[in-house]
Structures are given as structure tokens and as C-alpha cells.
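start_38.pdb (PDB, C-alpha atoms, pLDDT in the B column)
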```pdb
ATOM      1  CA  MET A 286     118.827  92.192 183.105  1.00 83.00           C
ATOM      2  CA  GLY A 287     117.577  89.873 180.338  1.00 94.00           C
ATOM      3  CA  THR A 288     118.516  86.341 179.335  1.00 98.00           C
ATOM      4  CA  GLU A 289     122.227  85.481 179.546  1.00 98.00           C
ATOM      5  CA  LEU A 290     123.344  84.579 176.013  1.00 97.00           C
ATOM      6  CA  LEU A 291     125.784  81.729 176.537  1.00 98.00           C
ATOM      7  CA  TYR A 292     126.423  81.261 172.804  1.00 97.00           C
ATOM      8  CA  GLN A 293     127.987  84.722 172.653  1.00 97.00           C
ATOM      9  CA  ARG A 294     130.758  83.545 174.968  1.00 96.00           C
ATOM     10  CA  ASP A 295     131.181  80.128 173.347  1.00 98.00           C
ATOM     11  CA  SER A 296     129.468  79.272 170.063  1.00 98.00           C
ATOM     12  CA  TYR A 297     130.444  75.603 170.523  1.00 98.00           C
ATOM     13  CA  LEU A 298     128.306  75.018 173.616  1.00 98.00           C
ATOM     14  CA  LYS A 299     125.732  72.391 172.685  1.00 98.00           C
ATOM     15  CA  GLU A 300     123.735  72.208 175.924  1.00 98.00           C
ATOM     16  CA  MET A 301     123.020  74.054 179.142  1.00 98.00           C
ATOM     17  CA  ASN A 302     121.242  74.003 182.472  1.00 98.00           C
ATOM     18  CA  ALA A 303     118.875  76.900 183.093  1.00 98.00           C
ATOM     19  CA  GLU A 304     115.848  78.051 185.047  1.00 98.00           C
ATOM     20  CA  VAL A 305     112.438  79.071 183.788  1.00 98.00           C
ATOM     21  CA  ILE A 306     111.704  82.700 184.671  1.00 98.00           C
ATOM     22  CA  LYS A 307     108.464  83.102 182.705  1.00 97.00           C
ATOM     23  CA  VAL A 308     105.926  80.905 180.923  1.00 98.00           C
ATOM     24  CA  THR A 309     103.786  82.218 178.031  1.00 97.00           C
ATOM     25  CA  ASP A 310     101.146  80.587 175.840  1.00 96.00           C
ATOM     26  CA  GLU A 311     103.901  79.782 173.338  1.00 97.00           C
ATOM     27  CA  GLY A 312     106.854  78.723 175.426  1.00 98.00           C
ATOM     28  CA  VAL A 313     109.333  79.688 178.124  1.00 98.00           C
ATOM     29  CA  ILE A 314     111.804  82.444 178.877  1.00 98.00           C
ATOM     30  CA  LEU A 315     114.941  81.197 180.609  1.00 98.00           C
ATOM     31  CA  ASP A 316     117.548  82.951 182.709  1.00 98.00           C
ATOM     32  CA  ARG A 317     120.309  81.704 180.365  1.00 98.00           C
ATOM     33  CA  THR A 318     120.443  79.923 177.029  1.00 98.00           C
ATOM     34  CA  VAL A 319     122.623  78.360 174.342  1.00 98.00           C
ATOM     35  CA  PHE A 320     119.769  78.721 171.829  1.00 98.00           C
ATOM     36  CA  HIS A 321     120.429  81.467 169.284  1.00 98.00           C
ATOM     37  CA  PRO A 322     117.234  83.391 168.451  1.00 98.00           C
ATOM     38  CA  ARG A 323     116.393  84.579 164.965  1.00 97.00           C
ATOM     39  CA  SER A 324     118.450  87.782 164.715  1.00 94.00           C
ATOM     40  CA  GLY A 325     120.885  89.570 162.441  1.00 89.00           C
ATOM     41  CA  GLY A 326     119.525  87.682 159.454  1.00 94.00           C
ATOM     42  CA  VAL A 327     120.617  84.342 160.926  1.00 97.00           C
ATOM     43  CA  ALA A 328     118.033  81.586 161.469  1.00 98.00           C
ATOM     44  CA  ASN A 329     117.291  80.437 165.005  1.00 98.00           C
ATOM     45  CA  ASP A 330     118.456  77.243 166.650  1.00 98.00           C
ATOM     46  CA  LEU A 331     116.221  74.228 167.177  1.00 98.00           C
ATOM     47  CA  GLY A 332     116.516  71.438 169.735  1.00 98.00           C
ATOM     48  CA  THR A 333     114.959  70.185 172.958  1.00 98.00           C
ATOM     49  CA  ILE A 334     114.412  71.277 176.545  1.00 98.00           C
ATOM     50  CA  SER A 335     113.930  68.686 179.282  1.00 98.00           C
ATOM     51  CA  ALA A 336     112.449  69.079 182.762  1.00 98.00           C
ATOM     52  CA  ASP A 337     111.199  66.603 185.382  1.00 96.00           C
ATOM     53  CA  GLY A 338     111.571  63.631 183.067  1.00 96.00           C
ATOM     54  CA  ARG A 339     109.726  65.252 180.159  1.00 98.00           C
ATOM     55  CA  THR A 340     111.232  66.485 176.886  1.00 98.00           C
ATOM     56  CA  TYR A 341     109.858  69.491 175.008  1.00 98.00           C
ATOM     57  CA  GLU A 342     110.541  70.310 171.361  1.00 98.00           C
ATOM     58  CA  VAL A 343     111.974  73.775 170.704  1.00 98.00           C
ATOM     59  CA  ARG A 344     110.193  74.865 167.523  1.00 98.00           C
ATOM     60  CA  SER A 345     111.409  78.446 167.314  1.00 98.00           C
ATOM     61  CA  VAL A 346     113.502  80.932 169.270  1.00 98.00           C
ATOM     62  CA  ARG A 347     113.107  84.691 169.261  1.00 97.00           C
ATOM     63  CA  ILE A 348     113.948  87.825 171.214  1.00 97.00           C
ATOM     64  CA  VAL A 349     111.297  89.613 173.272  1.00 96.00           C
ATOM     65  CA  ARG A 350     112.017  92.946 174.900  1.00 92.00           C
ATOM     66  CA  ASP A 351     110.961  94.486 178.181  1.00 88.00           C
ATOM     67  CA  GLY A 352     112.236  98.053 178.184  1.00 85.00           C
ATOM     68  CA  GLU A 353     115.996  97.919 177.694  1.00 82.00           C
ATOM     69  CA  ASP A 354     116.203  94.231 178.628  1.00 90.00           C
ATOM     70  CA  ALA A 355     116.193  91.487 175.971  1.00 93.00           C
ATOM     71  CA  TYR A 356     114.873  88.035 176.797  1.00 97.00           C
ATOM     72  CA  VAL A 357     114.902  84.862 174.720  1.00 98.00           C
ATOM     73  CA  LEU A 358     111.590  83.088 174.207  1.00 98.00           C
ATOM     74  CA  HIS A 359     111.837  79.371 173.415  1.00 98.00           C
ATOM     75  CA  VAL A 360     108.672  78.405 171.543  1.00 98.00           C
ATOM     76  CA  LEU A 361     107.729  74.842 172.529  1.00 98.00           C
ATOM     77  CA  ASP A 362     105.348  72.137 171.345  1.00 98.00           C
ATOM     78  CA  THR A 363     103.626  72.504 174.738  1.00 98.00           C
ATOM     79  CA  VAL A 364     104.200  74.322 178.034  1.00 98.00           C
ATOM     80  CA  GLU A 365     102.327  71.768 180.118  1.00 97.00           C
ATOM     81  CA  GLY A 366     104.083  71.150 183.427  1.00 97.00           C
ATOM     82  CA  LEU A 367     106.362  74.183 183.170  1.00 98.00           C
ATOM     83  CA  LYS A 368     106.335  77.122 185.565  1.00 98.00           C
ATOM     84  CA  PRO A 369     108.742  79.769 186.872  1.00 98.00           C
ATOM     85  CA  GLY A 370     111.514  78.271 188.974  1.00 98.00           C
ATOM     86  CA  VAL A 371     111.607  74.923 187.163  1.00 98.00           C
ATOM     87  CA  LYS A 372     115.123  73.734 186.299  1.00 98.00           C
ATOM     88  CA  VAL A 373     115.593  72.665 182.674  1.00 98.00           C
ATOM     89  CA  HIS A 374     118.283  71.153 180.481  1.00 98.00           C
ATOM     90  CA  GLY A 375     118.532  72.364 176.888  1.00 98.00           C
ATOM     91  CA  VAL A 376     120.261  70.732 173.911  1.00 98.00           C
ATOM     92  CA  ILE A 377     120.562  72.359 170.500  1.00 98.00           C
ATOM     93  CA  ASP A 378     120.479  70.651 167.105  1.00 98.00           C
ATOM     94  CA  TRP A 379     124.234  70.856 166.594  1.00 98.00           C
ATOM     95  CA  GLY A 380     124.246  69.884 162.923  1.00 98.00           C
ATOM     96  CA  ARG A 381     121.926  72.799 162.131  1.00 98.00           C
ATOM     97  CA  ARG A 382     123.872  75.219 164.340  1.00 98.00           C
ATOM     98  CA  TYR A 383     127.247  74.336 162.865  1.00 98.00           C
ATOM     99  CA  ARG A 384     125.989  74.897 159.314  1.00 98.00           C
ATOM    100  CA  LEU A 385     124.713  78.313 160.383  1.00 98.00           C
ATOM    101  CA  MET A 386     128.069  79.150 161.969  1.00 98.00           C
ATOM    102  CA  ARG A 387     129.990  78.225 158.814  1.00 98.00           C
ATOM    103  CA  LEU A 388     127.658  80.224 156.578  1.00 98.00           C
ATOM    104  CA  HIS A 389     127.744  83.165 158.991  1.00 98.00           C
ATOM    105  CA  ILE A 390     131.522  83.521 158.748  1.00 98.00           C
ATOM    106  CA  ALA A 391     131.292  83.039 154.975  1.00 98.00           C
ATOM    107  CA  ALA A 392     128.866  85.983 154.922  1.00 97.00           C
ATOM    108  CA  HIS A 393     131.326  88.110 156.912  1.00 97.00           C
ATOM    109  CA  ILE A 394     134.156  87.342 154.505  1.00 98.00           C
ATOM    110  CA  LEU A 395     132.047  88.049 151.418  1.00 97.00           C
ATOM    111  CA  SER A 396     130.689  91.309 152.827  1.00 95.00           C
ATOM    112  CA  ALA A 397     134.224  92.453 153.666  1.00 96.00           C
ATOM    113  CA  ILE A 398     135.418  91.777 150.127  1.00 97.00           C
ATOM    114  CA  MET A 399     132.408  93.484 148.541  1.00 96.00           C
ATOM    115  CA  TYR A 400     132.910  96.502 150.843  1.00 94.00           C
ATOM    116  CA  ARG A 401     136.644  96.708 150.174  1.00 94.00           C
ATOM    117  CA  GLU A 402     136.500  96.163 146.413  1.00 94.00           C
ATOM    118  CA  TYR A 403     133.270  97.994 145.512  1.00 92.00           C
ATOM    119  CA  GLY A 404     132.193 100.007 148.561  1.00 92.00           C
ATOM    120  CA  ALA A 405     129.055  97.841 148.606  1.00 94.00           C
ATOM    121  CA  LEU A 406     126.984  97.579 151.784  1.00 93.00           C
ATOM    122  CA  ILE A 407     124.547  94.816 152.691  1.00 93.00           C
ATOM    123  CA  THR A 408     120.940  95.919 152.189  1.00 92.00           C
ATOM    124  CA  GLY A 409     119.367  92.609 153.223  1.00 93.00           C
ATOM    125  CA  GLY A 410     120.253  89.036 153.997  1.00 95.00           C
ATOM    126  CA  ASP A 411     119.148  85.680 155.305  1.00 98.00           C
ATOM    127  CA  ILE A 412     121.148  82.691 156.519  1.00 98.00           C
ATOM    128  CA  GLN A 413     119.483  79.279 156.658  1.00 98.00           C
ATOM    129  CA  PRO A 414     121.234  75.938 157.263  1.00 98.00           C
ATOM    130  CA  ASP A 415     121.192  74.967 153.576  1.00 98.00           C
ATOM    131  CA  LYS A 416     122.106  78.295 151.978  1.00 98.00           C
ATOM    132  CA  ALA A 417     122.422  82.043 152.470  1.00 98.00           C
ATOM    133  CA  LYS A 418     121.508  85.115 150.466  1.00 98.00           C
ATOM    134  CA  ASP A 419     122.784  88.681 150.651  1.00 97.00           C
ATOM    135  CA  ASP A 420     121.696  91.873 148.878  1.00 97.00           C
ATOM    136  CA  PHE A 421     124.472  94.328 148.050  1.00 96.00           C
ATOM    137  CA  SER A 422     124.234  98.041 147.192  1.00 96.00           C
ATOM    138  CA  ILE A 423     125.991  97.737 143.863  1.00 95.00           C
ATOM    139  CA  GLU A 424     124.884  98.684 140.334  1.00 91.00           C
ATOM    140  CA  SER A 425     126.840  96.103 138.363  1.00 87.00           C
ATOM    141  CA  MET A 426     124.965  92.982 137.309  1.00 87.00           C
ATOM    142  CA  ASP A 427     128.131  91.417 135.934  1.00 92.00           C
ATOM    143  CA  LYS A 428     128.176  87.897 137.417  1.00 94.00           C
ATOM    144  CA  SER A 429     131.971  87.855 137.229  1.00 95.00           C
ATOM    145  CA  VAL A 430     132.044  90.473 140.016  1.00 96.00           C
ATOM    146  CA  PHE A 431     130.441  88.011 142.408  1.00 97.00           C
ATOM    147  CA  GLU A 432     132.383  85.035 141.096  1.00 97.00           C
ATOM    148  CA  ASP A 433     135.567  86.976 141.820  1.00 97.00           C
ATOM    149  CA  ALA A 434     134.345  87.882 145.313  1.00 97.00           C
ATOM    150  CA  VAL A 435     133.592  84.224 146.078  1.00 98.00           C
ATOM    151  CA  ARG A 436     136.997  83.182 144.717  1.00 98.00           C
ATOM    152  CA  LYS A 437     138.731  85.717 146.972  1.00 98.00           C
ATOM    153  CA  ALA A 438     136.571  84.634 149.905  1.00 98.00           C
ATOM    154  CA  ASN A 439     137.661  81.027 149.405  1.00 98.00           C
ATOM    155  CA  ASP A 440     141.278  82.171 149.411  1.00 98.00           C
ATOM    156  CA  VAL A 441     140.630  83.654 152.872  1.00 98.00           C
ATOM    157  CA  VAL A 442     138.963  80.438 154.016  1.00 98.00           C
ATOM    158  CA  LYS A 443     142.007  78.409 152.972  1.00 98.00           C
ATOM    159  CA  GLN A 444     144.337  80.620 155.010  1.00 98.00           C
ATOM    160  CA  GLY A 445     142.914  79.181 158.235  1.00 98.00           C
ATOM    161  CA  ILE A 446     142.637  82.506 160.059  1.00 98.00           C
ATOM    162  CA  GLU A 447     141.590  82.439 163.711  1.00 98.00           C
ATOM    163  CA  VAL A 448     138.326  84.296 164.323  1.00 98.00           C
ATOM    164  CA  LYS A 449     138.490  86.620 167.334  1.00 98.00           C
ATOM    165  CA  VAL A 450     135.472  87.540 169.474  1.00 97.00           C
ATOM    166  CA  TYR A 451     135.640  90.299 172.090  1.00 97.00           C
ATOM    167  CA  TRP A 452     133.754  93.282 173.523  1.00 97.00           C
ATOM    168  CA  LEU A 453     134.436  97.010 173.090  1.00 96.00           C
ATOM    169  CA  ASP A 454     132.807 100.122 174.476  1.00 95.00           C
ATOM    170  CA  ARG A 455     130.299 101.347 171.905  1.00 93.00           C
ATOM    171  CA  GLU A 456     131.982 104.723 171.448  1.00 92.00           C
ATOM    172  CA  GLU A 457     135.337 103.073 170.755  1.00 95.00           C
ATOM    173  CA  ALA A 458     133.847 100.444 168.445  1.00 91.00           C
ATOM    174  CA  MET A 459     131.957 102.933 166.306  1.00 90.00           C
ATOM    175  CA  LYS A 460     135.215 104.709 165.431  1.00 92.00           C
ATOM    176  CA  ILE A 461     136.415 101.633 163.514  1.00 92.00           C
ATOM    177  CA  GLU A 462     135.971 101.966 159.759  1.00 85.00           C
ATOM    178  CA  GLY A 463     133.681  99.285 158.345  1.00 80.00           C
ATOM    179  CA  ILE A 464     132.456  98.131 161.765  1.00 85.00           C
ATOM    180  CA  VAL A 465     128.928  98.336 160.307  1.00 77.00           C
ATOM    181  CA  LYS A 466     128.337  96.898 156.838  1.00 76.00           C
ATOM    182  CA  LEU A 467     124.545  97.038 156.894  1.00 70.00           C
ATOM    183  CA  ALA A 468     123.203  99.920 154.812  1.00 65.00           C
ATOM    184  CA  SER A 469     120.199 100.743 156.992  1.00 58.00           C
ATOM    185  CA  LYS A 470     120.824  99.255 160.416  1.00 58.00           C
ATOM    186  CA  MET A 471     123.054 100.229 163.292  1.00 62.00           C
ATOM    187  CA  PRO A 472     124.125  97.912 166.121  1.00 69.00           C
ATOM    188  CA  PRO A 473     121.756  97.729 169.101  1.00 69.00           C
ATOM    189  CA  ASN A 474     121.955 100.663 171.504  1.00 75.00           C
ATOM    190  CA  LEU A 475     124.225  98.934 174.004  1.00 80.00           C
ATOM    191  CA  LYS A 476     127.081 100.383 176.044  1.00 87.00           C
ATOM    192  CA  ARG A 477     129.359  97.541 174.945  1.00 92.00           C
ATOM    193  CA  LEU A 478     129.330  95.825 171.563  1.00 93.00           C
ATOM    194  CA  ARG A 479     130.385  92.283 170.719  1.00 95.00           C
ATOM    195  CA  ILE A 480     133.024  92.398 167.997  1.00 96.00           C
ATOM    196  CA  VAL A 481     133.806  89.584 165.568  1.00 97.00           C
ATOM    197  CA  GLU A 482     137.150  90.025 163.835  1.00 97.00           C
ATOM    198  CA  ILE A 483     138.899  88.051 161.118  1.00 98.00           C
ATOM    199  CA  PRO A 484     142.338  89.698 161.378  1.00 98.00           C
ATOM    200  CA  GLY A 485     143.405  91.387 158.176  1.00 97.00           C
ATOM    201  CA  VAL A 486     140.060  90.642 156.534  1.00 97.00           C
ATOM    202  CA  ASP A 487     137.043  91.909 158.444  1.00 96.00           C
ATOM    203  CA  ILE A 488     135.798  93.418 161.674  1.00 95.00           C
ATOM    204  CA  GLN A 489     132.097  93.792 162.521  1.00 93.00           C
ATOM    205  CA  ALA A 490     129.783  94.330 165.462  1.00 92.00           C
ATOM    206  CA  ASP A 491     127.829  91.079 165.608  1.00 93.00           C
ATOM    207  CA  GLY A 492     125.929  89.082 168.217  1.00 94.00           C
ATOM    208  CA  GLY A 493     125.612  85.704 166.509  1.00 96.00           C
ATOM    209  CA  PRO A 494     127.492  82.379 166.630  1.00 97.00           C
ATOM    210  CA  HIS A 495     130.603  81.828 164.461  1.00 97.00           C
ATOM    211  CA  VAL A 496     133.273  79.209 163.829  1.00 98.00           C
ATOM    212  CA  ARG A 497     136.672  79.650 165.464  1.00 98.00           C
ATOM    213  CA  ASN A 498     138.721  79.399 162.273  1.00 98.00           C
ATOM    214  CA  THR A 499     137.994  80.285 158.653  1.00 98.00           C
ATOM    215  CA  SER A 500     139.157  76.817 157.557  1.00 98.00           C
ATOM    216  CA  GLU A 501     135.992  75.357 159.130  1.00 98.00           C
ATOM    217  CA  VAL A 502     133.879  77.062 156.456  1.00 98.00           C
ATOM    218  CA  GLY A 503     134.881  74.478 153.840  1.00 98.00           C
ATOM    219  CA  GLU A 504     134.275  75.891 150.361  1.00 98.00           C
ATOM    220  CA  ILE A 505     131.911  78.738 149.496  1.00 98.00           C
ATOM    221  CA  LYS A 506     129.877  77.936 146.394  1.00 98.00           C
ATOM    222  CA  LEU A 507     128.018  80.633 144.438  1.00 98.00           C
ATOM    223  CA  LEU A 508     124.531  79.408 143.515  1.00 98.00           C
ATOM    224  CA  LYS A 509     122.812  82.306 141.775  1.00 97.00           C
ATOM    225  CA  VAL A 510     122.848  86.077 141.187  1.00 97.00           C
ATOM    226  CA  GLU A 511     119.651  88.125 140.843  1.00 96.00           C
ATOM    227  CA  ASN A 512     118.955  91.744 139.929  1.00 95.00           C
ATOM    228  CA  LYS A 513     116.623  93.245 142.558  1.00 94.00           C
ATOM    229  CA  GLY A 514     116.998  96.867 141.510  1.00 91.00           C
ATOM    230  CA  ARG A 515     119.474  99.523 140.363  1.00 88.00           C
ATOM    231  CA  ARG A 516     121.585  99.288 143.497  1.00 91.00           C
ATOM    232  CA  ARG A 517     120.402  95.965 144.846  1.00 94.00           C
ATOM    233  CA  LYS A 518     122.008  92.760 143.617  1.00 96.00           C
ATOM    234  CA  ARG A 519     121.290  89.483 145.403  1.00 97.00           C
ATOM    235  CA  ILE A 520     123.593  86.508 145.614  1.00 97.00           C
ATOM    236  CA  TYR A 521     122.767  83.015 146.843  1.00 98.00           C
ATOM    237  CA  TYR A 522     125.537  80.778 148.117  1.00 98.00           C
ATOM    238  CA  THR A 523     126.221  77.748 150.259  1.00 98.00           C
ATOM    239  CA  VAL A 524     129.176  75.963 151.846  1.00 98.00           C
ATOM    240  CA  VAL A 525     130.441  72.487 150.995  1.00 98.00           C
ATOM    241  CA  PRO A 526     130.975  69.798 152.039  1.00 94.00           C
TER     242      PRO A 526
END
```
Can the structure from this file be put into C-alpha cells for me?
Amino acid sequence: MGTELLYQRDSYLKEMNAEVIKVTDEGVILDRTVFHPRSGGVANDLGTISADGRTYEVRSVRIVRDGEDAYVLHVLDTVEGLKPGVKVHGVIDWGRRYRLMRLHIAAHILSAIMYREYGALITGGDIQPDKAKDDFSIESMDKSVFEDAVRKANDVVKQGIEVKVYWLDREEAMKIEGIVKLASKMPPNLKRLRIVEIPGVDIQADGGPHVRNTSEVGEIKLLKVENKGRRRKRIYYTVVP
């Protein structure tokens, strides 16, 4: 069955009650979690887990698989005193999470514009709380191309468009043009896919946390453009304030 991913239902949940189902040398696997693991190029959450009057530091979060089931491992500073069946309370570092959410939607908007204007797909990416980077399958090294994309992305941000999150059967979802904007990766082999849609702008299969409205992004700021190959151009950007 796997760990229930509470953040997929509500990205604004900051804490949760859960139960330990497995303890490893590194940390604990819980039956449910608000902690987003490192996935889809988005950095993992940090925070704390408390149990029986003791607080544990969550140092990393990642997915571990058992057959078709996906579980979330919370890597802790220590597992002393923890065992299956123990009830815990988890709290994420909200400042870090919210930055990731803003940058994640910014990435969606930018990828949609690059796909629409230049047919460019994402060939790599990484989102950290301070900045993000994306590699696009485009030959042009003209910086004005990316400056224009960022300018158009900020126009979308200012429109204050509500971000919709819902689930579709995989077969139905895969018929939507542009549902996948990664050049070499398909969505996980699930019967139902989580869809993130910015109406009139973008629609993608995505499992990560996002803001509810594009206006929450703030302003997207282009930091740098690098040439990583004939059809691989990398941009670095952040959001302000």
C-alpha cells in the first residue's frame, strides 16, 4: 500500500500525526506523511518528528520501494526509542517548503513557455530553496530567448491564476498534449496520475507540492544561462521577494 502522501492532497499542511511502521538504521518509515521526499527534481522537506516527549531532527527524506509500493523514509539524527507502532507528530520547516512550492510553480510556467514557443523539453533540473536550474533541449544560446521566457512567465504570475490539482486515469492523462515535458522520463507506472494544471498555461503530471495561485510566486528572476551542449542550455533562476 505504501506511505500515504498527505502533501499531495494539501500542500499547505505543515504537520501531521502518524505511526511508525518500520525502523531502519537511518530513520523511520511512517504510514502517512506531510514530508515531501526528494523527487521530480525538487529538494526534500526538513523538520522534526516528536514521540514520547522526545524530538528527532529530520535530516533527509527519500522514497524507498517494495515491489509496486512506495514508502517514505525519514532520515533522523537518531532512531533511539523508536519502534513500529509508536505514534509520532511531524512538523515541516515551512519556510523551506514554501520557497520550494513557489519555485516549483515557476518551473512549470517556464517549461510551458519554452515548450510552446520553442518545442523545448526539460532534460534535467533541480529545485532548491534558494534557486532552481533547468536544462532545455534547445540549440540557441541567445540569452534574450530566456529573458523573454522569464518575462512572459512573470506576466502569467501577475495574472493570479488558480492552480488546479486533480487525478486522472493514466490512459486518459497520457492523451493530453504536453502532459510530459521531461525529455527522457515518463510518469511513474501508476493507474492514476496526479495532474497539476495552470488553466490556459500548463498541464503536467506531477507529484510534488505547489502553491494554490500563481500570484504567490512573487517575481521570477533570471540569474544565469549556461551552454551545456548543442541541445542543452541551462538556466538558473530564483523568486523574489
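Relative to CA of Val441 (chain A), CA of Pro322 (chain A) is found at 28.1 Å.
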A:Ile348, A:Val373, A:Ile446, A:Leu385 ranked by distance to Glu300 (chain A), top pick (using all atoms listed in the file):
A:Val373
Can you tell me, as a PyMOL selection string, what residues are no more than 12 Å from Gly366 (chain A) when counting all atoms listed in the file, ignoring any on the same chain fewer than 5 positions away?
chain A and resi 305+308+312-313+335-341+371-373
Check which residues satisfy the PyMOL selection byres ((chain A and resi 303) around 7) in the file shown, then give them as a list in words.
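So the PyMOL selection byres ((chain A and resi 303) around 7) ends up selecting Met301, Asn302, Glu304, Val305, Leu315, Asp316, Arg317, Thr318, Lys372, Val373 and His374 of chain A.
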Select, from A:Ala392, A:Ala438, A:Val364, A:Val376, the residue with the minimum atom-to-atom distance to Ile412 (chain A), counting all atoms listed in the file.
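Nearest to Ile412 (chain A): A:Ala392.
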The residue from A:Arg344, A:Arg382, A:Lys509, A:Arg517 with the smallest atom-to-atom distance to Val435 (chain A), counting only C-alpha atoms, is A:Lys509
So, with all atoms listed in the file as the atoms that count, which of A:Asp295, A:Glu456, A:Glu482, A:Glu432 lies closest to Ile394 (chain A)?
A:Glu482
Rounded to one decimal in Å, what is the spacing between CA of Leu507 (chain A) and CA of Lys416 (chain A)?
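It comes out at 9.9 Å.
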I would like the residues chosen by the PyMOL selection byres ((chain A and resi 396) around 10) on the shown file; could you give them as JSON, numbers by chain?
{"A": [390, 391, 392, 393, 394, 395, 397, 398, 399, 400, 401, 402, 404, 405, 406, 407, 419, 420, 421, 434, 438, 466, 467, 487]}
Written selection (C-alpha atoms) as a compact mmCIF listing (two decimals), keeping the file's coordinate frame:
```
# COMPACT_ATOMS: atom_id res chain seq x y z
CA ILE A 390 131.52 83.52 158.75
CA ALA A 391 131.29 83.04 154.98
CA ALA A 392 128.87 85.98 154.92
CA HIS A 393 131.33 88.11 156.91
CA ILE A 394 134.16 87.34 154.50
CA LEU A 395 132.05 88.05 151.42
CA ALA A 397 134.22 92.45 153.67
CA ILE A 398 135.42 91.78 150.13
CA MET A 399 132.41 93.48 148.54
CA TYR A 400 132.91 96.50 150.84
CA ARG A 401 136.64 96.71 150.17
CA GLU A 402 136.50 96.16 146.41
CA GLY A 404 132.19 100.01 148.56
CA ALA A 405 129.06 97.84 148.61
CA LEU A 406 126.98 97.58 151.78
CA ILE A 407 124.55 94.82 152.69
CA ASP A 419 122.78 88.68 150.65
CA ASP A 420 121.70 91.87 148.88
CA PHE A 421 124.47 94.33 148.05
CA ALA A 434 134.34 87.88 145.31
CA ALA A 438 136.57 84.63 149.90
CA LYS A 466 128.34 96.90 156.84
CA LEU A 467 124.54 97.04 156.89
CA ASP A 487 137.04 91.91 158.44
```
Smallest atom-to-atom distance to Trp379 (chain A): which of A:Met426, A:Ile464, A:Leu298, A:Leu361, using all atoms listed in the file?
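Closest candidate: A:Leu298.
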Long-range neighbours of Lys460 (chain A) as a ChimeraX atom specification, 12 Å cut-off, only C-alpha atoms, 5 positions minimum in chain:
/A:453-455,465,488-490
Which is closer to Leu358 (chain A) than all the others in A:Gly287, A:Gly514, A:Gly445, A:Gly410, using all atoms listed in the file?
A:Gly287
Which polymer residues, protein or nucleic acid, are no farther than 12 Å from (126.0, 91.4, 166.1), counting only C-alpha atoms, as a PyMOL selection string?
chain A and resi 293+321+323-327+389+393+450-452+464-467+470-475+477-482+488-495
Evaluated on this file, the PyMOL selection byres ((chain A and resi 417) around 7) picks out some residues - which ones are they, written as a list in words?
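Going through the file, the PyMOL selection byres ((chain A and resi 417) around 7) ends up selecting Leu388, Asp411, Ile412, Gln413, Lys416, Lys418, Asp419, Tyr521, Tyr522 and Thr523 of chain A.
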Take CA of Gly409 (chain A) and CA of Phe431 (chain A) and report the distance between them in Å, one decimal.
16.1 Å
Which centre and edge lengths in Å to one decimal define the box along x, y and z that fits every listed atom of region 384-390 of chain A plus 5 Å per side, as JSON?
```
{"center_x": 128.1, "center_y": 79.2, "center_z": 159.3, "size_x": 16.8, "size_y": 18.6, "size_z": 15.4}
```
Copy region 296-312 of chain A out of the block into a file, keeping N, CA and C atoms, as an mmCIF file, in the first residue's frame.
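Now in part-v7.cif:
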```
data_model
loop_
_atom_site.group_PDB
_atom_site.id
_atom_site.type_symbol
_atom_site.label_atom_id
_atom_site.label_comp_id
_atom_site.auth_asym_id
_atom_site.auth_seq_id
_atom_site.Cartn_x
_atom_site.Cartn_y
_atom_site.Cartn_z
ATOM 1 N N SER A 296 -0.898 20.802 -0.105
ATOM 2 C CA SER A 296 0.500 21.213 0.013
ATOM 3 C C SER A 296 0.736 22.180 1.169
ATOM 4 N N TYR A 297 -0.352 22.688 1.780
ATOM 5 C CA TYR A 297 -0.217 23.669 2.854
ATOM 6 C C TYR A 297 -0.259 23.043 4.248
ATOM 7 N N LEU A 298 -0.388 21.725 4.319
ATOM 8 C CA LEU A 298 -0.310 21.052 5.615
ATOM 9 C C LEU A 298 1.104 21.185 6.155
ATOM 10 N N LYS A 299 1.220 21.636 7.399
ATOM 11 C CA LYS A 299 2.537 21.865 7.988
ATOM 12 C C LYS A 299 2.912 20.792 9.010
ATOM 13 N N GLU A 300 1.934 20.006 9.455
ATOM 14 C CA GLU A 300 2.208 18.990 10.465
ATOM 15 C C GLU A 300 1.228 17.833 10.342
ATOM 16 N N MET A 301 1.550 16.735 11.020
ATOM 17 C CA MET A 301 0.685 15.564 10.934
ATOM 18 C C MET A 301 0.928 14.642 12.118
ATOM 19 N N ASN A 302 -0.036 13.783 12.366
ATOM 20 C CA ASN A 302 0.116 12.668 13.289
ATOM 21 C C ASN A 302 0.229 11.401 12.451
ATOM 22 N N ALA A 303 1.134 10.518 12.836
ATOM 23 C CA ALA A 303 1.365 9.306 12.057
ATOM 24 C C ALA A 303 1.833 8.185 12.978
ATOM 25 N N GLU A 304 2.046 7.022 12.365
ATOM 26 C CA GLU A 304 2.503 5.857 13.116
ATOM 27 C C GLU A 304 3.728 5.249 12.424
ATOM 28 N N VAL A 305 4.686 4.870 13.229
ATOM 29 C CA VAL A 305 5.879 4.220 12.691
ATOM 30 C C VAL A 305 5.518 2.811 12.239
ATOM 31 N N ILE A 306 5.866 2.470 10.991
ATOM 32 C CA ILE A 306 5.604 1.107 10.520
ATOM 33 C C ILE A 306 6.894 0.318 10.324
ATOM 34 N N LYS A 307 8.040 1.050 10.274
ATOM 35 C CA LYS A 307 9.323 0.358 10.155
ATOM 36 C C LYS A 307 10.444 1.277 10.623
ATOM 37 N N VAL A 308 11.432 0.700 11.293
ATOM 38 C CA VAL A 308 12.611 1.440 11.726
ATOM 39 C C VAL A 308 13.837 0.842 11.042
ATOM 40 N N THR A 309 14.674 1.704 10.450
ATOM 41 C CA THR A 309 15.923 1.268 9.813
ATOM 42 C C THR A 309 17.099 1.886 10.572
ATOM 43 N N ASP A 310 18.305 1.601 10.127
ATOM 44 C CA ASP A 310 19.484 2.200 10.751
ATOM 45 C C ASP A 310 19.507 3.715 10.570
ATOM 46 N N GLU A 311 18.826 4.200 9.527
ATOM 47 C CA GLU A 311 18.859 5.626 9.212
ATOM 48 C C GLU A 311 17.693 6.419 9.774
ATOM 49 N N GLY A 312 16.526 5.788 9.839
ATOM 50 C CA GLY A 312 15.356 6.550 10.247
ATOM 51 C C GLY A 312 14.109 5.699 10.303
#
```
